file start.pdb (PDB, C-alpha atoms and all ligand atoms)
ATOM      1  CA  MET I   1       5.078   0.473 -12.073
ATOM      2  CA  GLU I   2       7.030   1.934 -14.965
ATOM      3  CA  SER I   3       7.634  -0.774 -17.547
ATOM      4  CA  ARG I   4       7.121  -4.468 -18.242
ATOM      5  CA  GLU I   5      10.765  -5.279 -17.461
ATOM      6  CA  GLN I   6      10.824  -3.320 -14.218
ATOM      7  CA  LEU I   7       7.537  -4.847 -13.056
ATOM      8  CA  LEU I   8       8.364  -8.461 -13.909
ATOM      9  CA  GLU I   9      11.852  -8.261 -12.439
ATOM     10  CA  THR I  10      10.427  -6.847  -9.214
ATOM     11  CA  ALA I  11       7.540  -9.327  -9.133
ATOM     12  CA  HIS I  12       9.816 -12.363  -9.435
ATOM     13  CA  ALA I  13      12.250 -10.973  -6.845
ATOM     14  CA  VAL I  14       9.623 -10.212  -4.200
ATOM     15  CA  LYS I  15       7.889 -13.540  -4.746
ATOM     16  CA  GLU I  16      11.222 -15.313  -4.263
ATOM     17  CA  ALA I  17      11.720 -13.425  -0.978
ATOM     18  CA  GLY I  18       8.279 -14.394   0.360
ATOM     19  CA  ALA I  19       5.858 -11.634  -0.700
ATOM     20  CA  THR I  20       2.270 -12.855  -0.988
ATOM     21  CA  LEU I  21       0.717 -10.044  -3.052
ATOM     22  CA  LEU I  22       2.079  -7.721  -5.716
ATOM     23  CA  ARG I  23       1.212  -4.043  -5.440
ATOM     24  CA  GLY I  24       1.838  -1.682  -8.313
ATOM     25  CA  GLY I  25       0.356   1.663  -9.251
ATOM     26  CA  ALA I  26      -1.162   2.117 -12.716
ATOM     27  CA  TYR I  27      -3.108   5.251 -11.739
ATOM     28  CA  LYS I  28      -0.835   7.337  -9.524
ATOM     29  CA  PRO I  29      -2.062  10.185  -7.292
ATOM     30  CA  ARG I  30       0.958  12.510  -7.569
ATOM     31  CA  THR I  31       1.375  15.727  -5.632
ATOM     32  CA  SER I  32       2.523  17.481  -8.812
ATOM     33  CA  PRO I  33       0.629  17.187 -12.108
ATOM     34  CA  TYR I  34       4.040  17.278 -13.833
ATOM     35  CA  SER I  35       5.248  14.081 -12.121
ATOM     36  CA  PHE I  36       4.866  10.628 -13.717
ATOM     37  CA  GLN I  37       1.145   9.803 -13.573
ATOM     38  CA  GLY I  38       1.325   6.042 -14.170
ATOM     39  CA  LEU I  39       0.718   3.823 -17.187
ATOM     40  CA  GLY I  40      -3.074   3.687 -16.846
ATOM     41  CA  GLU I  41      -4.865   0.727 -18.410
ATOM     42  CA  ALA I  42      -1.641  -0.484 -20.064
ATOM     43  CA  GLY I  43      -0.282  -0.795 -16.524
ATOM     44  CA  LEU I  44      -3.286  -2.873 -15.439
ATOM     45  CA  LYS I  45      -2.562  -5.282 -18.294
ATOM     46  CA  LEU I  46       1.064  -5.565 -17.185
ATOM     47  CA  LEU I  47      -0.080  -6.327 -13.646
ATOM     48  CA  ALA I  48      -2.279  -9.123 -14.973
ATOM     49  CA  GLU I  49       0.728 -10.486 -16.850
ATOM     50  CA  ALA I  50       2.839 -10.340 -13.680
ATOM     51  CA  ARG I  51       0.124 -12.237 -11.789
ATOM     52  CA  GLU I  52       0.124 -14.865 -14.524
ATOM     53  CA  ALA I  53       3.920 -15.172 -14.339
ATOM     54  CA  THR I  54       4.229 -15.329 -10.540
ATOM     55  CA  GLY I  55       0.861 -16.396  -9.151
ATOM     56  CA  LEU I  56       0.844 -13.306  -6.918
ATOM     57  CA  PRO I  57      -2.562 -11.600  -6.579
ATOM     58  CA  ILE I  58      -2.575  -7.940  -7.605
ATOM     59  CA  VAL I  59      -3.227  -4.830  -5.488
ATOM     60  CA  THR I  60      -3.623  -1.552  -7.350
ATOM     61  CA  GLU I  61      -5.045   1.890  -6.695
ATOM     62  CA  VAL I  62      -8.284   3.228  -8.112
ATOM     63  CA  MET I  63      -8.606   7.003  -8.006
ATOM     64  CA  SER I  64     -12.002   7.655  -9.528
ATOM     65  CA  PRO I  65     -15.496   6.167  -9.171
ATOM     66  CA  THR I  66     -15.718   6.004 -12.976
ATOM     67  CA  LYS I  67     -12.655   3.701 -13.091
ATOM     68  CA  VAL I  68     -13.743   1.185 -10.440
ATOM     69  CA  ASP I  69     -15.316  -1.257 -12.909
ATOM     70  CA  LEU I  70     -12.258  -1.173 -15.174
ATOM     71  CA  VAL I  71      -9.705  -1.576 -12.364
ATOM     72  CA  ALA I  72     -11.793  -4.366 -10.814
ATOM     73  CA  VAL I  73     -11.458  -6.389 -14.032
ATOM     74  CA  TYR I  74      -7.701  -6.681 -13.413
ATOM     75  CA  ALA I  75      -7.174  -6.186  -9.680
ATOM     76  CA  ASP I  76      -7.578  -8.706  -6.877
ATOM     77  CA  VAL I  77      -7.553  -5.895  -4.303
ATOM     78  CA  LEU I  78      -8.649  -2.283  -4.880
ATOM     79  CA  GLN I  79      -6.472   0.270  -3.104
ATOM     80  CA  ILE I  80      -7.887   3.595  -1.952
ATOM     81  CA  GLY I  81      -4.980   6.003  -1.508
ATOM     82  CA  ALA I  82      -4.444   8.351   1.413
ATOM     83  CA  ARG I  83      -5.522  11.357  -0.655
ATOM     84  CA  ASN I  84      -8.865   9.716  -1.392
ATOM     85  CA  MET I  85      -9.705   8.284   2.016
ATOM     86  CA  GLN I  86     -12.612  10.675   2.351
ATOM     87  CA  ASN I  87     -13.722  10.645  -1.286
ATOM     88  CA  TYR I  88     -17.164   9.354  -0.416
ATOM     89  CA  ASP I  89     -18.271   8.774  -4.011
ATOM     90  CA  LEU I  90     -15.237   6.563  -4.474
ATOM     91  CA  LEU I  91     -15.825   4.726  -1.177
ATOM     92  CA  ASN I  92     -19.429   4.088  -2.229
ATOM     93  CA  ALA I  93     -18.260   2.799  -5.610
ATOM     94  CA  VAL I  94     -15.743   0.323  -4.155
ATOM     95  CA  GLY I  95     -18.350  -0.667  -1.581
ATOM     96  CA  ARG I  96     -20.471  -1.883  -4.484
ATOM     97  CA  ALA I  97     -17.541  -3.706  -6.151
ATOM     98  CA  HIS I  98     -17.051  -7.367  -5.373
ATOM     99  CA  LYS I  99     -13.378  -7.023  -4.537
ATOM    100  CA  PRO I 100     -11.421  -6.605  -1.291
ATOM    101  CA  VAL I 101     -10.441  -3.019  -0.497
ATOM    102  CA  LEU I 102      -7.160  -1.757   0.961
ATOM    103  CA  LEU I 103      -8.054   1.558   2.586
ATOM    104  CA  LYS I 104      -5.106   3.813   3.353
ATOM    105  CA  ARG I 105      -5.341   6.303   6.199
ATOM    106  CA  GLY I 106      -5.494   9.910   5.036
ATOM    107  CA  MET I 107      -2.405  11.911   5.884
ATOM    108  CA  SER I 108      -4.349  14.061   8.363
ATOM    109  CA  ALA I 109      -7.092  11.592   9.218
ATOM    110  CA  THR I 110      -7.888  10.571  12.768
ATOM    111  CA  ILE I 111      -8.460   6.932  13.637
ATOM    112  CA  GLU I 112     -12.176   7.709  13.856
ATOM    113  CA  ASP I 113     -12.096   9.242  10.344
ATOM    114  CA  LEU I 114     -10.426   6.065   9.048
ATOM    115  CA  LEU I 115     -12.989   3.815  10.715
ATOM    116  CA  MET I 116     -15.870   5.894   9.335
ATOM    117  CA  ALA I 117     -14.349   5.800   5.834
ATOM    118  CA  ALA I 118     -14.248   2.004   6.173
ATOM    119  CA  GLU I 119     -17.915   2.070   7.210
ATOM    120  CA  TYR I 120     -18.801   3.644   3.865
ATOM    121  CA  VAL I 121     -17.394   0.585   2.092
ATOM    122  CA  LEU I 122     -18.858  -1.881   4.603
ATOM    123  CA  SER I 123     -22.292  -0.241   4.477
ATOM    124  CA  HIS I 124     -22.745  -1.485   0.898
ATOM    125  CA  GLY I 125     -22.199  -5.073   1.981
ATOM    126  CA  ASN I 126     -18.552  -5.255   0.950
ATOM    127  CA  ASN I 127     -17.087  -6.665   4.145
ATOM    128  CA  GLN I 128     -13.587  -7.250   2.791
ATOM    129  CA  VAL I 129     -11.779  -4.143   3.992
ATOM    130  CA  MET I 130      -8.171  -3.843   5.160
ATOM    131  CA  LEU I 131      -7.027  -0.714   6.978
ATOM    132  CA  CYS I 132      -3.578   0.705   6.301
ATOM    133  CA  GLU I 133      -1.463   2.930   8.546
ATOM    134  CA  ARG I 134       0.891   4.797   6.194
ATOM    135  CA  GLY I 135       2.116   7.659   8.365
ATOM    136  CA  ILE I 136       0.526  10.982   9.204
ATOM    137  CA  ARG I 137       1.681  14.547   8.662
ATOM    138  CA  THR I 138       3.330  16.271  11.583
ATOM    139  CA  PHE I 139       5.350  19.449  12.081
ATOM    140  CA  ASP I 140       8.680  17.766  11.290
ATOM    141  CA  ASN I 141       9.238  16.204   7.871
ATOM    142  CA  LYS I 142      12.927  17.019   7.603
ATOM    143  CA  TYR I 143      14.302  13.542   8.330
ATOM    144  CA  ALA I 144      11.240  11.370   7.732
ATOM    145  CA  ARG I 145       8.424  11.837   5.232
ATOM    146  CA  ASN I 146       5.624  11.294   7.732
ATOM    147  CA  ALA I 147       5.258  10.156  11.322
ATOM    148  CA  PHE I 148       4.553   6.429  11.426
ATOM    149  CA  ASP I 149       1.660   6.160  13.874
ATOM    150  CA  VAL I 150       2.625   2.819  15.394
ATOM    151  CA  ASN I 151       0.061   3.495  18.129
ATOM    152  CA  ALA I 152      -2.697   3.247  15.549
ATOM    153  CA  ILE I 153      -1.978  -0.447  14.933
ATOM    154  CA  PRO I 154      -2.899  -1.910  18.345
ATOM    155  CA  VAL I 155      -5.641   0.705  18.752
ATOM    156  CA  LEU I 156      -7.274  -0.292  15.444
ATOM    157  CA  LYS I 157      -6.870  -3.972  16.304
ATOM    158  CA  GLU I 158      -8.791  -3.325  19.508
ATOM    159  CA  LEU I 159     -11.533  -1.235  17.856
ATOM    160  CA  THR I 160     -12.248  -3.413  14.840
ATOM    161  CA  HIS I 161     -11.925  -6.928  13.510
ATOM    162  CA  LEU I 162     -10.623  -5.607  10.173
ATOM    163  CA  PRO I 163      -7.044  -6.545   9.228
ATOM    164  CA  VAL I 164      -4.501  -3.791   9.806
ATOM    165  CA  ILE I 165      -1.665  -3.336   7.342
ATOM    166  CA  ALA I 166       1.444  -1.231   8.003
ATOM    167  CA  ASP I 167       3.151   0.742   5.235
ATOM    168  CA  PRO I 168       6.538   1.763   6.603
ATOM    169  CA  SER I 169       7.710   2.831   3.126
ATOM    170  CA  HIS I 170       5.346   5.790   2.844
ATOM    171  CA  ALA I 171       5.469   6.393   6.606
ATOM    172  CA  VAL I 172       9.201   6.976   6.996
ATOM    173  CA  GLY I 173       9.967   7.674   3.336
ATOM    174  CA  VAL I 174      13.690   6.946   3.738
ATOM    175  CA  ARG I 175      15.063   3.660   2.387
ATOM    176  CA  ARG I 176      17.552   2.945   5.162
ATOM    177  CA  HIS I 177      14.857   3.273   7.844
ATOM    178  CA  VAL I 178      12.157   1.150   6.207
ATOM    179  CA  LYS I 179      13.341  -2.142   7.710
ATOM    180  CA  SER I 180      13.264  -0.934  11.330
ATOM    181  CA  MET I 181       9.807   0.540  10.857
ATOM    182  CA  ALA I 182       8.579  -2.663   9.195
ATOM    183  CA  LEU I 183       9.778  -4.615  12.233
ATOM    184  CA  ALA I 184       8.072  -2.082  14.509
ATOM    185  CA  GLY I 185       4.838  -2.588  12.570
ATOM    186  CA  VAL I 186       5.037  -6.351  13.029
ATOM    187  CA  ALA I 187       5.853  -5.965  16.726
ATOM    188  CA  ALA I 188       2.815  -3.695  17.081
ATOM    189  CA  GLY I 189       0.552  -6.411  15.676
ATOM    190  CA  ALA I 190       0.148  -5.545  11.993
ATOM    191  CA  ASP I 191      -1.463  -8.281   9.894
ATOM    192  CA  GLY I 192       0.560  -7.356   6.825
ATOM    193  CA  LEU I 193       3.154  -5.006   5.409
ATOM    194  CA  ILE I 194       3.313  -2.908   2.254
ATOM    195  CA  ILE I 195       6.924  -2.447   1.144
ATOM    196  CA  GLU I 196       7.980  -0.561  -1.970
ATOM    197  CA  VAL I 197      10.689  -2.322  -3.990
ATOM    198  CA  HIS I 198      12.455  -1.250  -7.188
ATOM    199  CA  PRO I 199      15.365  -2.899  -9.034
ATOM    200  CA  ASP I 200      17.085   0.504  -9.378
ATOM    201  CA  PRO I 201      15.463   2.817  -6.798
ATOM    202  CA  ASP I 202      17.616   5.844  -7.601
ATOM    203  CA  GLN I 203      16.152   5.874 -11.114
ATOM    204  CA  ALA I 204      12.541   5.232 -10.007
ATOM    205  CA  ALA I 205       9.804   7.437 -11.490
ATOM    206  CA  SER I 206       8.016   7.521  -8.121
ATOM    207  CA  ASP I 207       9.039   7.123  -4.485
ATOM    208  CA  GLY I 208      12.597   5.936  -5.193
ATOM    209  CA  ALA I 209      13.909   7.420  -1.946
ATOM    210  CA  GLN I 210      11.842   4.936   0.052
ATOM    211  CA  SER I 211      12.078   1.935  -2.285
ATOM    212  CA  LEU I 212      14.206  -1.047  -1.252
ATOM    213  CA  THR I 213      16.356  -2.990  -3.686
ATOM    214  CA  PRO I 214      15.397  -6.675  -4.039
ATOM    215  CA  PRO I 215      18.369  -7.796  -1.846
ATOM    216  CA  GLN I 216      17.341  -5.310   0.862
ATOM    217  CA  PHE I 217      13.788  -6.652   0.670
ATOM    218  CA  SER I 218      14.995 -10.249   1.070
ATOM    219  CA  GLU I 219      17.121  -9.283   4.054
ATOM    220  CA  MET I 220      14.151  -7.499   5.624
ATOM    221  CA  MET I 221      11.885 -10.521   5.104
ATOM    222  CA  VAL I 222      14.247 -12.765   7.064
ATOM    223  CA  GLN I 223      14.063 -10.411  10.046
ATOM    224  CA  VAL I 224      10.291  -9.970   9.653
ATOM    225  CA  LYS I 225       9.893 -13.724  10.161
ATOM    226  CA  THR I 226      12.019 -13.625  13.306
ATOM    227  CA  MET I 227      10.099 -10.627  14.652
ATOM    228  CA  ALA I 228       6.751 -12.258  13.924
ATOM    229  CA  GLU I 229       7.777 -15.340  15.906
ATOM    230  CA  ALA I 230       8.775 -13.126  18.826
ATOM    231  CA  VAL I 231       5.169 -11.871  19.029
ATOM    232  CA  ASP I 232       3.583 -15.295  18.444
ATOM    233  CA  ARG I 233       2.669 -14.662  14.809
ATOM    234  CA  VAL I 234       3.690 -16.507  11.670
ATOM    235  CA  VAL I 235       4.515 -15.067   8.259
TER     236      VAL I 235
HETATM  237  C1  LIG D 301       1.027   4.406  -2.729
HETATM  238  O1  LIG D 301       0.505   3.499  -2.063
HETATM  239  O2  LIG D 301       1.895   4.215  -3.600
HETATM  240  C2  LIG D 301       0.614   5.784  -2.392
HETATM  241  C3  LIG D 301       0.478   6.733  -3.302
HETATM  242  O3  LIG D 301       0.452   5.926  -1.063
HETATM  243  P1  LIG D 301      -0.425   6.941  -0.194
HETATM  244  O4  LIG D 301      -1.777   6.977  -0.822
HETATM  245  O5  LIG D 301      -0.394   6.310   1.163
HETATM  246  O6  LIG D 301       0.300   8.269  -0.238
HETATM  247 MN    MN D 302       4.265   5.040  -3.526
END
call {"tool": "encode", "arguments": {"input": "start.pdb", "output": "structure tokens", "more": "lines below"}}
Ligand code: PEP
Ligand code: MN
result
Amino acid sequence: MESREQLLETAHAVKEAGATLLRGGAYKPRTSPYSFQGLGEAGLKLLAEAREATGLPIVTEVMSPTKVDLVAVYADVLQIGARNMQNYDLLNAVGRAHKPVLLKRGMSATIEDLLMAAEYVLSHGNNQVMLCERGIRTFDNKYARNAFDVNAIPVLKELTHLPVIADPSHAVGVRRHVKSMALAGVAAGADGLIIEVHPDPDQAASDGAQSLTPPQFSEMMVQVKTMAEAVDRVV
């Protein structure tokens, strides 16, 4: 999330195409401290405005235990990013919050690590946890950002009752491959998808290379519906 205009334009476009939640980062965990770090609380306020305008509930990342109360004022779902999957203070803090949690798999985390991270949240009585497969690091990141662990989806579905979300955008990291990996995620049994969308991805302050344009998102959603029907699911 970079600006009011960019957020609202994206929010209306994804809603139109069938998205059911709006995810935007106000606090961004960037690999480099010199990269865009997000709009902070001003961004949370913009997300609330976008929810008001579209009716879409808001998902946003919280990076620090000290920010959980603030982010929970605005967010409908608290995201824990891959880099924080084993930040146990943070997991304890969101476990005490009365908001659903979207827990992203750490980039080098095993399935067991992910399930145990979820247990931290659950152990405080917060039973609203979604697990997210977002790709893991492997030896080859030349043509794809991460390796999308499609295996993890049916395995997690077998091991837990928690919903499993696929994030092909961060997994493959390449715009033209996001649609195929989204369809693979649905075929594998994912309960939801996270897809990054930007009105002008080549100018995006974060993750432009993997962001779809709104027309690409709409086209993907049509095929997602067809794929879901093929595996006896509905969107
Ligand atoms: C994100 O969801 O935008 C993000 C930073 O992803 P991850 O934590 O999976 O790298
Ligand atoms: Mn991102």
call {"tool": "residues_near_ligand", "arguments": {"input": "start.pdb", "ligand": "ligand MN 302 (chain D)", "cutoff": "7 Å", "atoms": "all atoms listed in the file", "output": "VMD selection string"}}
result
chain I and resid 170 196 206 to 207
call {"tool": "residues_near_ligand", "arguments": {"input": "start.pdb", "ligand": "ligand LIG 301 (chain D)", "cutoff": "9 Å", "atoms": "only C-alpha atoms and all ligand atoms", "output": "number ranges by chain"}}
result
I: 23-25, 28-30, 60-61, 79-85, 103-107, 132-135, 167, 169-171, 194, 196, 206-207
call {"tool": "resolve_selection", "arguments": {"input": "start.pdb", "expression": "the PyMOL selection byres (((chain I and resi 72) around 10) and not hetatm)", "output": "list in words"}}
result
Leu44, Thr60, Val62, Lys67, Val68, Asp69, Leu70, Val71, Val73, Tyr74, Ala75, Asp76, Val77, Leu78, Val94, Ala97, His98, Lys99 and Pro100 of chain I
call {"tool": "write_last_selection", "arguments": {"input": "start.pdb", "atoms": "C-alpha atoms", "output": "compact mmCIF listing (two decimals), keeping the file's coordinate frame"}}
result
# COMPACT_ATOMS: atom_id res chain seq x y z
CA LEU I 44 -3.29 -2.87 -15.44
CA THR I 60 -3.62 -1.55 -7.35
CA VAL I 62 -8.28 3.23 -8.11
CA LYS I 67 -12.66 3.70 -13.09
CA VAL I 68 -13.74 1.18 -10.44
CA ASP I 69 -15.32 -1.26 -12.91
CA LEU I 70 -12.26 -1.17 -15.17
CA VAL I 71 -9.70 -1.58 -12.36
CA VAL I 73 -11.46 -6.39 -14.03
CA TYR I 74 -7.70 -6.68 -13.41
CA ALA I 75 -7.17 -6.19 -9.68
CA ASP I 76 -7.58 -8.71 -6.88
CA VAL I 77 -7.55 -5.90 -4.30
CA LEU I 78 -8.65 -2.28 -4.88
CA VAL I 94 -15.74 0.32 -4.16
CA ALA I 97 -17.54 -3.71 -6.15
CA HIS I 98 -17.05 -7.37 -5.37
CA LYS I 99 -13.38 -7.02 -4.54
CA PRO I 100 -11.42 -6.60 -1.29
call {"tool": "closest_residue", "arguments": {"input": "start.pdb", "among": "I:Ala152, I:Val197, I:Ala109, I:Ala230", "to": "Arg137 of chain I", "atoms": "all atoms listed in the file"}}
result
I:Ala109
call {"tool": "closest_residue", "arguments": {"input": "start.pdb", "among": "I:Arg96, I:Arg4, I:Lys157, I:Lys15", "to": "Tyr120 of chain I", "atoms": "only C-alpha atoms"}}
result
I:Arg96
call {"tool": "residues_around", "arguments": {"input": "start.pdb", "residues": "Val178 of chain I", "least_positions_apart": "6", "cutoff": "9 Å", "atoms": "all atoms listed in the file", "output": "list in words"}}
result
Pro168, Ser169, His170, Ala171, Val172, Ile195, Gln210, Ser211, Leu212 and Met220 of chain I
call {"tool": "resolve_selection", "arguments": {"input": "start.pdb", "expression": "the PyMOL selection byres (((chain I and resi 8) around 12) and not hetatm)", "output": "number ranges by chain"}}
result
I: 1-7, 9-15, 22-24, 43, 46-56, 197-199
call {"tool": "build_atoms", "arguments": {"input": "start.pdb", "residues": "segment 189-203 of chain I", "atoms": "N, CA and C atoms", "output": "JSON list (two decimals), keeping the file's coordinate frame"}}
result
[["chain", "number", "residue", "atom", "x", "y", "z"],
["I", 189, "GLY", "N", 1.70, -5.55, 15.94],
["I", 189, "GLY", "CA", 0.55, -6.41, 15.68],
["I", 189, "GLY", "C", -0.03, -6.31, 14.29],
["I", 190, "ALA", "N", 0.68, -5.67, 13.35],
["I", 190, "ALA", "CA", 0.15, -5.54, 11.99],
["I", 190, "ALA", "C", -0.08, -6.93, 11.38],
["I", 191, "ASP", "N", -1.13, -7.02, 10.58],
["I", 191, "ASP", "CA", -1.46, -8.28, 9.89],
["I", 191, "ASP", "C", -0.76, -8.40, 8.55],
["I", 192, "GLY", "N", -0.15, -7.33, 8.10],
["I", 192, "GLY", "CA", 0.56, -7.36, 6.82],
["I", 192, "GLY", "C", 1.38, -6.10, 6.66],
["I", 193, "LEU", "N", 2.28, -6.15, 5.70],
["I", 193, "LEU", "CA", 3.15, -5.01, 5.41],
["I", 193, "LEU", "C", 3.07, -4.67, 3.93],
["I", 194, "ILE", "N", 3.13, -3.38, 3.63],
["I", 194, "ILE", "CA", 3.31, -2.91, 2.25],
["I", 194, "ILE", "C", 4.74, -2.37, 2.19],
["I", 195, "ILE", "N", 5.54, -2.90, 1.28],
["I", 195, "ILE", "CA", 6.92, -2.45, 1.14],
["I", 195, "ILE", "C", 7.18, -2.11, -0.32],
["I", 196, "GLU", "N", 7.66, -0.92, -0.59],
["I", 196, "GLU", "CA", 7.98, -0.56, -1.97],
["I", 196, "GLU", "C", 9.38, -1.07, -2.34],
["I", 197, "VAL", "N", 9.44, -1.70, -3.51],
["I", 197, "VAL", "CA", 10.69, -2.32, -3.99],
["I", 197, "VAL", "C", 10.89, -1.91, -5.44],
["I", 198, "HIS", "N", 12.13, -1.63, -5.80],
["I", 198, "HIS", "CA", 12.46, -1.25, -7.19],
["I", 198, "HIS", "C", 13.85, -1.79, -7.51],
["I", 199, "PRO", "N", 14.05, -2.35, -8.71],
["I", 199, "PRO", "CA", 15.36, -2.90, -9.03],
["I", 199, "PRO", "C", 16.47, -1.83, -9.05],
["I", 200, "ASP", "N", 16.09, -0.58, -9.31],
["I", 200, "ASP", "CA", 17.08, 0.50, -9.38],
["I", 200, "ASP", "C", 16.44, 1.76, -8.78],
["I", 201, "PRO", "N", 16.28, 1.78, -7.44],
["I", 201, "PRO", "CA", 15.46, 2.82, -6.80],
["I", 201, "PRO", "C", 15.89, 4.25, -7.14],
["I", 202, "ASP", "N", 17.19, 4.46, -7.35],
["I", 202, "ASP", "CA", 17.62, 5.84, -7.60],
["I", 202, "ASP", "C", 17.12, 6.36, -8.94],
["I", 203, "GLN", "N", 16.70, 5.46, -9.81],
["I", 203, "GLN", "CA", 16.15, 5.87, -11.11],
["I", 203, "GLN", "C", 14.62, 5.79, -11.15]]
